[in-house]
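The structure file protein-v1.pdb is reproduced below (PDB, C-alpha atoms).
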ATOM      1  CA  GLU A 914     -14.668  37.210   2.587  1.00  0.00           C
ATOM      2  CA  GLY A 915     -16.563  37.637   5.847  1.00  0.00           C
ATOM      3  CA  CYS A 916     -18.826  34.757   4.897  1.00  0.00           C
ATOM      4  CA  ALA A 917     -17.814  31.623   6.752  1.00  0.00           C
ATOM      5  CA  TRP A 918     -18.937  29.140   9.368  1.00  0.00           C
ATOM      6  CA  GLU A 919     -17.122  29.468  12.674  1.00  0.00           C
ATOM      7  CA  VAL A 920     -16.576  27.194  15.662  1.00  0.00           C
ATOM      8  CA  THR A 921     -15.449  27.991  19.204  1.00  0.00           C
ATOM      9  CA  VAL A 922     -12.791  25.675  20.621  1.00  0.00           C
ATOM     10  CA  ASP A 923     -11.336  26.343  24.082  1.00  0.00           C
ATOM     11  CA  LYS A 924     -12.636  29.950  24.006  1.00  0.00           C
ATOM     12  CA  ASP A 925     -10.926  30.590  20.653  1.00  0.00           C
ATOM     13  CA  LEU A 926     -12.909  31.328  17.496  1.00  0.00           C
ATOM     14  CA  TRP A 927     -11.908  29.402  14.358  1.00  0.00           C
ATOM     15  CA  LYS A 928     -13.142  29.803  10.785  1.00  0.00           C
ATOM     16  CA  ILE A 929     -14.072  26.540   9.045  1.00  0.00           C
ATOM     17  CA  ASN A 930     -12.172  26.472   5.743  1.00  0.00           C
ATOM     18  CA  TYR A 931     -13.004  22.853   4.925  1.00  0.00           C
ATOM     19  CA  LEU A 932     -15.253  20.146   6.392  1.00  0.00           C
ATOM     20  CA  ALA A 933     -16.213  16.970   4.545  1.00  0.00           C
ATOM     21  CA  PHE A 934     -16.344  13.197   4.923  1.00  0.00           C
ATOM     22  CA  TYR A 935     -17.223   9.936   3.187  1.00  0.00           C
ATOM     23  CA  LEU A 936     -19.815   7.432   4.392  1.00  0.00           C
ATOM     24  CA  SER A 937     -20.240   3.845   3.207  1.00  0.00           C
ATOM     25  CA  GLN A 938     -21.863   0.524   4.176  1.00  0.00           C
ATOM     26  CA  PRO A 939     -25.310   1.811   5.193  1.00  0.00           C
ATOM     27  CA  GLU A 940     -27.346  -0.641   7.287  1.00  0.00           C
ATOM     28  CA  VAL A 941     -30.575  -0.397   9.254  1.00  0.00           C
ATOM     29  CA  LYS A 942     -31.491  -2.429  12.313  1.00  0.00           C
ATOM     30  CA  VAL A 943     -34.809  -4.231  11.925  1.00  0.00           C
ATOM     31  CA  GLU A 944     -36.080  -6.459  14.721  1.00  0.00           C
ATOM     32  CA  GLY A 945     -32.572  -6.896  16.101  1.00  0.00           C
ATOM     33  CA  ARG A 946     -30.899  -7.723  12.761  1.00  0.00           C
ATOM     34  CA  TRP A 947     -28.765  -5.478  10.557  1.00  0.00           C
ATOM     35  CA  VAL A 948     -30.023  -5.169   6.969  1.00  0.00           C
ATOM     36  CA  PRO A 949     -27.534  -3.829   4.382  1.00  0.00           C
ATOM     37  CA  LEU A 950     -28.761  -1.059   2.052  1.00  0.00           C
ATOM     38  CA  ASN A 951     -27.496   1.024  -0.839  1.00  0.00           C
ATOM     39  CA  PHE A 952     -27.468   4.772  -1.345  1.00  0.00           C
ATOM     40  CA  VAL A 953     -29.510   6.342  -4.151  1.00  0.00           C
ATOM     41  CA  ASN A 954     -27.290   7.359  -7.078  1.00  0.00           C
ATOM     42  CA  ASN A 955     -27.058  11.138  -7.512  1.00  0.00           C
ATOM     43  CA  ASP A 956     -24.417  13.882  -7.775  1.00  0.00           C
ATOM     44  CA  TRP A 957     -23.210  13.195  -4.230  1.00  0.00           C
ATOM     45  CA  GLN A 958     -23.641   9.422  -3.972  1.00  0.00           C
ATOM     46  CA  SER A 959     -22.901   6.157  -5.720  1.00  0.00           C
ATOM     47  CA  ASP A 960     -24.801   3.092  -4.558  1.00  0.00           C
ATOM     48  CA  LYS A 961     -21.969   2.308  -2.107  1.00  0.00           C
ATOM     49  CA  VAL A 962     -20.485   5.684  -1.094  1.00  0.00           C
ATOM     50  CA  ALA A 963     -21.879   9.076  -0.012  1.00  0.00           C
ATOM     51  CA  PHE A 964     -19.889  12.320   0.143  1.00  0.00           C
ATOM     52  CA  LEU A 965     -20.949  15.022   2.603  1.00  0.00           C
ATOM     53  CA  GLN A 966     -19.608  18.568   2.572  1.00  0.00           C
ATOM     54  CA  PHE A 967     -20.442  21.396   4.974  1.00  0.00           C
ATOM     55  CA  HIS A 968     -18.007  24.323   4.739  1.00  0.00           C
ATOM     56  CA  HIS A 969     -19.537  26.569   2.052  1.00  0.00           C
ATOM     57  CA  ALA A 970     -21.246  29.344   4.016  1.00  0.00           C
ATOM     58  CA  CYS A 971     -21.706  31.763   1.096  1.00  0.00           C
ATOM     59  CA  ASP A 972     -23.295  29.296  -1.335  1.00  0.00           C
ATOM     60  CA  LYS A 973     -25.022  26.487   0.537  1.00  0.00           C
ATOM     61  CA  LYS A 974     -25.875  24.744  -2.744  1.00  0.00           C
ATOM     62  CA  LEU A 975     -22.244  23.613  -2.774  1.00  0.00           C
ATOM     63  CA  ASN A 976     -22.838  21.722   0.475  1.00  0.00           C
ATOM     64  CA  ASN A 977     -24.439  18.333   0.992  1.00  0.00           C
ATOM     65  CA  ASN A 978     -25.680  17.614   4.505  1.00  0.00           C
ATOM     66  CA  HIS A 979     -27.902  14.589   3.913  1.00  0.00           C
ATOM     67  CA  ILE A 980     -27.861  11.057   2.588  1.00  0.00           C
ATOM     68  CA  LEU A 981     -30.531   9.353   0.536  1.00  0.00           C
ATOM     69  CA  LEU A 982     -31.072   5.643   1.183  1.00  0.00           C
ATOM     70  CA  ASP A 983     -32.466   3.206  -1.373  1.00  0.00           C
ATOM     71  CA  ALA A 984     -35.061   1.545   0.847  1.00  0.00           C
ATOM     72  CA  ASN A 985     -38.826   1.123   0.810  1.00  0.00           C
ATOM     73  CA  GLU A 986     -41.084   2.738   3.392  1.00  0.00           C
ATOM     74  CA  ALA A 987     -42.200  -0.597   4.815  1.00  0.00           C
ATOM     75  CA  LEU A 988     -38.632  -1.497   5.762  1.00  0.00           C
ATOM     76  CA  LEU A 989     -37.771   1.943   7.133  1.00  0.00           C
ATOM     77  CA  SER A 990     -40.929   2.029   9.236  1.00  0.00           C
ATOM     78  CA  ARG A 991     -39.594  -1.032  11.110  1.00  0.00           C
ATOM     79  CA  ALA A 992     -36.014   0.266  11.428  1.00  0.00           C
ATOM     80  CA  THR A 993     -34.834   1.469  14.831  1.00  0.00           C
ATOM     81  CA  GLU A 994     -31.210   2.345  14.095  1.00  0.00           C
ATOM     82  CA  LEU A 995     -28.935   3.336  11.198  1.00  0.00           C
ATOM     83  CA  ARG A 996     -25.296   2.232  11.006  1.00  0.00           C
ATOM     84  CA  LEU A 997     -22.726   3.668   8.589  1.00  0.00           C
ATOM     85  CA  THR A 998     -18.967   3.635   8.171  1.00  0.00           C
ATOM     86  CA  MET A 999     -16.966   6.839   7.967  1.00  0.00           C
ATOM     87  CA  GLY A1000     -14.453   5.497   5.491  1.00  0.00           C
ATOM     88  CA  LEU A1001     -14.141   3.388   2.346  1.00  0.00           C
ATOM     89  CA  ASN A1002     -13.518  -0.272   1.623  1.00  0.00           C
ATOM     90  CA  PHE A1003      -9.916  -1.233   0.887  1.00  0.00           C
ATOM     91  CA  ASP A1004     -10.073  -1.423  -2.922  1.00  0.00           C
ATOM     92  CA  GLU A1005     -11.986   1.834  -3.352  1.00  0.00           C
ATOM     93  CA  ASN A1006      -9.726   3.587  -0.888  1.00  0.00           C
ATOM     94  CA  HIS A1007      -6.499   2.651  -2.672  1.00  0.00           C
ATOM     95  CA  SER A1008      -7.691   3.065  -6.252  1.00  0.00           C
ATOM     96  CA  LEU A1009      -5.710   4.972  -8.880  1.00  0.00           C
ATOM     97  CA  PRO A1010      -6.924   8.515  -9.664  1.00  0.00           C
ATOM     98  CA  VAL A1011      -7.919   7.448 -13.202  1.00  0.00           C
ATOM     99  CA  GLU A1012     -10.169   4.744 -11.711  1.00  0.00           C
ATOM    100  CA  GLN A1013     -12.050   7.081  -9.398  1.00  0.00           C
ATOM    101  CA  THR A1014     -15.663   7.838 -10.278  1.00  0.00           C
ATOM    102  CA  PRO A1015     -17.967  10.254  -8.396  1.00  0.00           C
ATOM    103  CA  PRO A1016     -18.069  10.833  -5.519  1.00  0.00           C
ATOM    104  CA  LEU A1017     -14.507   9.495  -5.105  1.00  0.00           C
ATOM    105  CA  ASP A1018     -13.035  11.969  -7.605  1.00  0.00           C
ATOM    106  CA  LYS A1019     -12.277  14.745  -5.087  1.00  0.00           C
ATOM    107  CA  PRO A1020      -8.596  15.831  -5.186  1.00  0.00           C
ATOM    108  CA  THR A1021      -9.015  17.570  -1.821  1.00  0.00           C
ATOM    109  CA  MET A1022     -10.007  14.233  -0.256  1.00  0.00           C
ATOM    110  CA  TYR A1023      -7.198  12.118  -1.751  1.00  0.00           C
ATOM    111  CA  GLN A1024      -3.622  11.666  -0.561  1.00  0.00           C
ATOM    112  CA  SER A1025      -1.968   8.939  -2.643  1.00  0.00           C
ATOM    113  CA  VAL A1026      -2.472   5.393  -3.877  1.00  0.00           C
ATOM    114  CA  ASN A1027      -0.688   4.115  -0.781  1.00  0.00           C
ATOM    115  CA  ALA A1028      -2.460   6.238   1.859  1.00  0.00           C
ATOM    116  CA  GLY A1029      -5.716   6.410  -0.077  1.00  0.00           C
ATOM    117  CA  HIS A1030      -8.479   8.922   0.582  1.00  0.00           C
ATOM    118  CA  ASN A1031      -9.191  11.191   3.500  1.00  0.00           C
ATOM    119  CA  PHE A1032     -12.281   9.672   5.092  1.00  0.00           C
ATOM    120  CA  PHE A1033     -12.810  12.874   7.079  1.00  0.00           C
ATOM    121  CA  ARG A1034     -11.094  16.213   6.558  1.00  0.00           C
ATOM    122  CA  VAL A1035     -11.381  19.457   8.475  1.00  0.00           C
ATOM    123  CA  GLU A1036      -9.315  22.634   8.189  1.00  0.00           C
ATOM    124  CA  LEU A1037      -9.667  25.546  10.606  1.00  0.00           C
ATOM    125  CA  GLN A1038      -8.197  29.056  10.638  1.00  0.00           C
ATOM    126  CA  ASN A1039      -7.911  31.152  13.794  1.00  0.00           C
ATOM    127  CA  THR A1040      -9.937  34.373  13.439  1.00  0.00           C
ATOM    128  CA  ARG A1041      -7.547  36.419  15.603  1.00  0.00           C
ATOM    129  CA  GLU A1042      -4.369  34.898  14.154  1.00  0.00           C
ATOM    130  CA  PRO A1043      -5.085  34.156  10.451  1.00  0.00           C
ATOM    131  CA  ASP A1044      -1.683  32.486  10.052  1.00  0.00           C
ATOM    132  CA  ALA A1045      -2.700  29.862  12.617  1.00  0.00           C
ATOM    133  CA  ILE A1046      -4.092  26.938  10.594  1.00  0.00           C
ATOM    134  CA  TRP A1047      -5.071  23.527  11.962  1.00  0.00           C
ATOM    135  CA  SER A1048      -6.146  20.508   9.925  1.00  0.00           C
ATOM    136  CA  PHE A1049      -7.138  16.922  10.608  1.00  0.00           C
ATOM    137  CA  LEU A1050      -7.043  14.169   7.986  1.00  0.00           C
ATOM    138  CA  LEU A1051      -8.589  10.824   8.849  1.00  0.00           C
ATOM    139  CA  ALA A1052      -7.027   8.187   6.602  1.00  0.00           C
ATOM    140  CA  SER A1053      -5.693   4.654   6.862  1.00  0.00           C
ATOM    141  CA  GLY A1054      -2.253   4.456   8.470  1.00  0.00           C
ATOM    142  CA  GLY A1055       0.660   2.028   8.469  1.00  0.00           C
ATOM    143  CA  CYS A1056       0.003   0.889   4.896  1.00  0.00           C
ATOM    144  CA  ASN A1057       2.756  -1.301   3.443  1.00  0.00           C
ATOM    145  CA  GLY A1058       4.396  -0.597   0.086  1.00  0.00           C
ATOM    146  CA  GLU A1059       7.604   0.884  -1.305  1.00  0.00           C
ATOM    147  CA  ASN A1060       6.365   4.437  -1.882  1.00  0.00           C
ATOM    148  CA  ALA A1061       3.314   6.719  -2.073  1.00  0.00           C
ATOM    149  CA  GLU A1062       2.312   5.348  -5.477  1.00  0.00           C
ATOM    150  CA  THR A1063       2.456   1.677  -4.428  1.00  0.00           C
ATOM    151  CA  LYS A1064      -0.895   0.039  -3.760  1.00  0.00           C
ATOM    152  CA  PRO A1065      -0.640  -1.656  -0.356  1.00  0.00           C
ATOM    153  CA  SER A1066      -1.793  -5.162   0.502  1.00  0.00           C
ATOM    154  CA  ASP A1067      -2.513  -4.211   4.107  1.00  0.00           C
ATOM    155  CA  CYS A1068      -2.814  -1.220   6.444  1.00  0.00           C
ATOM    156  CA  ALA A1069      -2.012  -1.657  10.136  1.00  0.00           C
ATOM    157  CA  PHE A1070      -4.507   1.061  11.090  1.00  0.00           C
ATOM    158  CA  PRO A1071      -7.575   1.092   8.780  1.00  0.00           C
ATOM    159  CA  ASN A1072      -9.014   4.022  10.817  1.00  0.00           C
ATOM    160  CA  ARG A1073     -12.567   3.485   9.616  1.00  0.00           C
ATOM    161  CA  VAL A1074     -15.115   4.804  12.115  1.00  0.00           C
ATOM    162  CA  THR A1075     -18.533   3.254  12.746  1.00  0.00           C
ATOM    163  CA  VAL A1076     -21.379   5.761  13.088  1.00  0.00           C
ATOM    164  CA  LYS A1077     -24.705   4.750  14.658  1.00  0.00           C
ATOM    165  CA  LEU A1078     -27.811   6.933  14.587  1.00  0.00           C
ATOM    166  CA  PRO A1079     -31.305   6.358  15.977  1.00  0.00           C
ATOM    167  CA  MET A1080     -34.092   6.034  13.383  1.00  0.00           C
ATOM    168  CA  ALA A1081     -37.061   7.705  15.058  1.00  0.00           C
ATOM    169  CA  GLN A1082     -38.907   8.579  11.862  1.00  0.00           C
ATOM    170  CA  ASN A1083     -39.808   6.823   8.644  1.00  0.00           C
ATOM    171  CA  VAL A1084     -37.452   8.766   6.373  1.00  0.00           C
ATOM    172  CA  SER A1085     -35.021   7.722   3.682  1.00  0.00           C
ATOM    173  CA  ASP A1086     -33.703  11.283   3.303  1.00  0.00           C
ATOM    174  CA  LEU A1087     -31.850  11.531   6.613  1.00  0.00           C
ATOM    175  CA  SER A1088     -30.162  14.820   7.534  1.00  0.00           C
ATOM    176  CA  LEU A1089     -26.782  14.569   9.255  1.00  0.00           C
ATOM    177  CA  LEU A1090     -25.245  17.263  11.434  1.00  0.00           C
ATOM    178  CA  ALA A1091     -21.478  17.623  11.735  1.00  0.00           C
ATOM    179  CA  LYS A1092     -21.111  18.232  15.471  1.00  0.00           C
ATOM    180  CA  LEU A1093     -17.684  19.742  15.164  1.00  0.00           C
ATOM    181  CA  GLN A1094     -17.454  21.059  18.714  1.00  0.00           C
ATOM    182  CA  GLN A1095     -17.920  17.528  20.047  1.00  0.00           C
ATOM    183  CA  ILE A1096     -15.254  16.173  17.698  1.00  0.00           C
ATOM    184  CA  LEU A1097     -12.826  18.914  18.822  1.00  0.00           C
ATOM    185  CA  PHE A1098     -13.661  18.671  22.523  1.00  0.00           C
ATOM    186  CA  ARG A1099     -10.487  19.243  24.598  1.00  0.00           C
ATOM    187  CA  VAL A1100      -8.258  19.118  21.506  1.00  0.00           C
ATOM    188  CA  ASP A1101      -5.198  21.415  21.588  1.00  0.00           C
ATOM    189  CA  LEU A1102      -5.387  23.098  18.181  1.00  0.00           C
ATOM    190  CA  LYS A1103      -2.152  24.990  18.836  1.00  0.00           C
ATOM    191  CA  ALA A1104      -0.040  21.864  19.497  1.00  0.00           C
ATOM    192  CA  VAL A1105       0.550  21.124  15.782  1.00  0.00           C
ATOM    193  CA  THR A1106      -0.652  22.538  12.471  1.00  0.00           C
ATOM    194  CA  GLU A1107      -1.652  19.191  10.933  1.00  0.00           C
ATOM    195  CA  CYS A1108      -2.910  15.831  12.150  1.00  0.00           C
ATOM    196  CA  ASN A1109      -2.566  13.329   9.309  1.00  0.00           C
ATOM    197  CA  MET A1110      -3.547   9.889  10.552  1.00  0.00           C
ATOM    198  CA  ALA A1111      -1.975   8.269   7.479  1.00  0.00           C
ATOM    199  CA  GLY A1112       1.479   8.869   8.967  1.00  0.00           C
ATOM    200  CA  SER A1113       3.250   9.792  12.180  1.00  0.00           C
ATOM    201  CA  HIS A1114       1.311  12.343  14.192  1.00  0.00           C
ATOM    202  CA  ASP A1115       1.322  14.285  17.436  1.00  0.00           C
ATOM    203  CA  LYS A1116      -0.244  12.836  20.587  1.00  0.00           C
ATOM    204  CA  SER A1117      -2.872  15.613  20.506  1.00  0.00           C
ATOM    205  CA  CYS A1118      -4.285  14.079  17.316  1.00  0.00           C
ATOM    206  CA  GLU A1119      -5.301  10.953  19.221  1.00  0.00           C
ATOM    207  CA  LYS A1120      -7.829  13.027  21.171  1.00  0.00           C
ATOM    208  CA  VAL A1121      -9.702  13.746  17.917  1.00  0.00           C
ATOM    209  CA  MET A1122      -9.756  10.005  17.179  1.00  0.00           C
ATOM    210  CA  LYS A1123     -11.178   9.293  20.639  1.00  0.00           C
ATOM    211  CA  ASN A1124     -13.872  11.919  20.143  1.00  0.00           C
ATOM    212  CA  LEU A1125     -14.752  10.528  16.710  1.00  0.00           C
ATOM    213  CA  THR A1126     -15.017   6.940  17.877  1.00  0.00           C
ATOM    214  CA  GLY A1127     -16.915   7.982  20.985  1.00  0.00           C
ATOM    215  CA  ARG A1128     -19.756   9.661  19.028  1.00  0.00           C
TER     216      ARG A1128
END

Written as structure tokens, that's how I'd like the structure from this file.
Amino acid sequence: EGCAWEVTVDKDLWKINYLAFYLSQPEVKVEGRWVPLNFVNNDWQSDKVAFLQFHHACDKKLNNNHILLDANEALLSRATELRLTMGLNFDENHSLPVEQTPPLDKPTMYQSVNAGHNFFRVELQNTREPDAIWSFLLASGGCNGENAETKPSDCAFPNRVTVKLPMAQNVSDLSLLAKLQQILFRVDLKAVTECNMAGSHDKSCEKVMKNLTGR
């Protein structure tokens, strides 16, 4: 208690209860061409997927704010840009819970077989009005299937977000900052309590999507 990250949105102070996302498909731009890479396997990454988590203010060891790329120094020294996907490929996204291996085995980042995983999840709590909670769940929407436990064959709105970052230094251990204020810029956090992009959602939620895709 009293140990939390906070963010100011529209002159209101909000406590960050949860902030995490998945990244996949790492690529670096070398001499104008994109070269696909893998992540280094560790507690936070498989070779294809990285999980980043930022909300633990009391014990920062529970956070992960960097990715580790499996690439040699010669290649990285020639790279000018890094491209990643905030999201998962279709089969990984809609896997059964029993099939999920780290880092995909996070119950807090999973909705159902049909909706799949949350690619990005944030939950905020108003410091002046503790009952005021706002959350945003980035997940694939419009997925076909009879019910939540039906694996879809298609999703009308994949909602995967491409992230591009400049590579100014020769580093494979690249720190990432979650610029939450930019993502929440001009978002009305009092309009609804939850924005779940896997289903129907309020118009105010679209502003978060625009901010995410405009990064």

(request) Excluding Val1076 of chain A and residues on its chain fewer than 3 positions from it, collect all residues at most 8 Å away from it, counting only C-alpha atoms, and give them as a ChimeraX atom specification. (result) /A:996-999,1128

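Between atom CA of Gly1000 of chain A and atom CA of Met1110 of chain A there is a distance of 12.8 Å.
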
Residues within 12 Å of segment 981-988 of chain A, all atoms listed in the file, excluding chain neighbours under 6 positions, as a tab-separated table (two decimals) with C-alpha atoms, in the coordinates of the input:
chain	number	residue	atom	x	y	z
A	936	LEU	CA	-19.82	7.43	4.39
A	937	SER	CA	-20.24	3.84	3.21
A	938	GLN	CA	-21.86	0.52	4.18
A	939	PRO	CA	-25.31	1.81	5.19
A	940	GLU	CA	-27.35	-0.64	7.29
A	941	VAL	CA	-30.58	-0.40	9.25
A	942	LYS	CA	-31.49	-2.43	12.31
A	943	VAL	CA	-34.81	-4.23	11.92
A	944	GLU	CA	-36.08	-6.46	14.72
A	947	TRP	CA	-28.76	-5.48	10.56
A	948	VAL	CA	-30.02	-5.17	6.97
A	949	PRO	CA	-27.53	-3.83	4.38
A	950	LEU	CA	-28.76	-1.06	2.05
A	951	ASN	CA	-27.50	1.02	-0.84
A	952	PHE	CA	-27.47	4.77	-1.34
A	953	VAL	CA	-29.51	6.34	-4.15
A	954	ASN	CA	-27.29	7.36	-7.08
A	955	ASN	CA	-27.06	11.14	-7.51
A	956	ASP	CA	-24.42	13.88	-7.78
A	957	TRP	CA	-23.21	13.20	-4.23
A	958	GLN	CA	-23.64	9.42	-3.97
A	959	SER	CA	-22.90	6.16	-5.72
A	960	ASP	CA	-24.80	3.09	-4.56
A	961	LYS	CA	-21.97	2.31	-2.11
A	962	VAL	CA	-20.48	5.68	-1.09
A	963	ALA	CA	-21.88	9.08	-0.01
A	964	PHE	CA	-19.89	12.32	0.14
A	965	LEU	CA	-20.95	15.02	2.60
A	994	GLU	CA	-31.21	2.35	14.10
A	995	LEU	CA	-28.94	3.34	11.20
A	996	ARG	CA	-25.30	2.23	11.01
A	997	LEU	CA	-22.73	3.67	8.59
A	1080	MET	CA	-34.09	6.03	13.38
A	1082	GLN	CA	-38.91	8.58	11.86
A	1083	ASN	CA	-39.81	6.82	8.64
A	1084	VAL	CA	-37.45	8.77	6.37
A	1085	SER	CA	-35.02	7.72	3.68
A	1086	ASP	CA	-33.70	11.28	3.30
A	1087	LEU	CA	-31.85	11.53	6.61
A	1088	SER	CA	-30.16	14.82	7.53
A	1089	LEU	CA	-26.78	14.57	9.26

(message) Using all atoms listed in the file, can you tell me which of A:Gly1127, A:Gly1112, A:Pro1065, A:Gly945 comes closest to Asp1004 of chain A?
(response) A:Pro1065

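The coordinates place atom CA of Thr1126 of chain A at 10.4 Å from atom CA of Lys1077 of chain A.
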
(request) May I ask which of the residues A:Cys1108, A:Ala1069, A:Cys1118, A:Val1100 is the closest one to Asp923 of chain A, counting all atoms listed in the file? (result)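 Ranking A:Cys1108, A:Ala1069, A:Cys1118, A:Val1100 by distance to Asp923 of chain A, first place goes to A:Val1100.
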
(request) Could you tell me how far atom CA of Phe1032 of chain A lies from atom CA of Leu1051 of chain A, in Å and to one decimal? (result) 5.4 Å

(message) Under the rule that all atoms listed in the file are counted, which of A:Ser990, A:Asn978, A:Asn1057, A:Gln1094 is the nearest residue to Glu919 of chain A?
(response) A:Gln1094
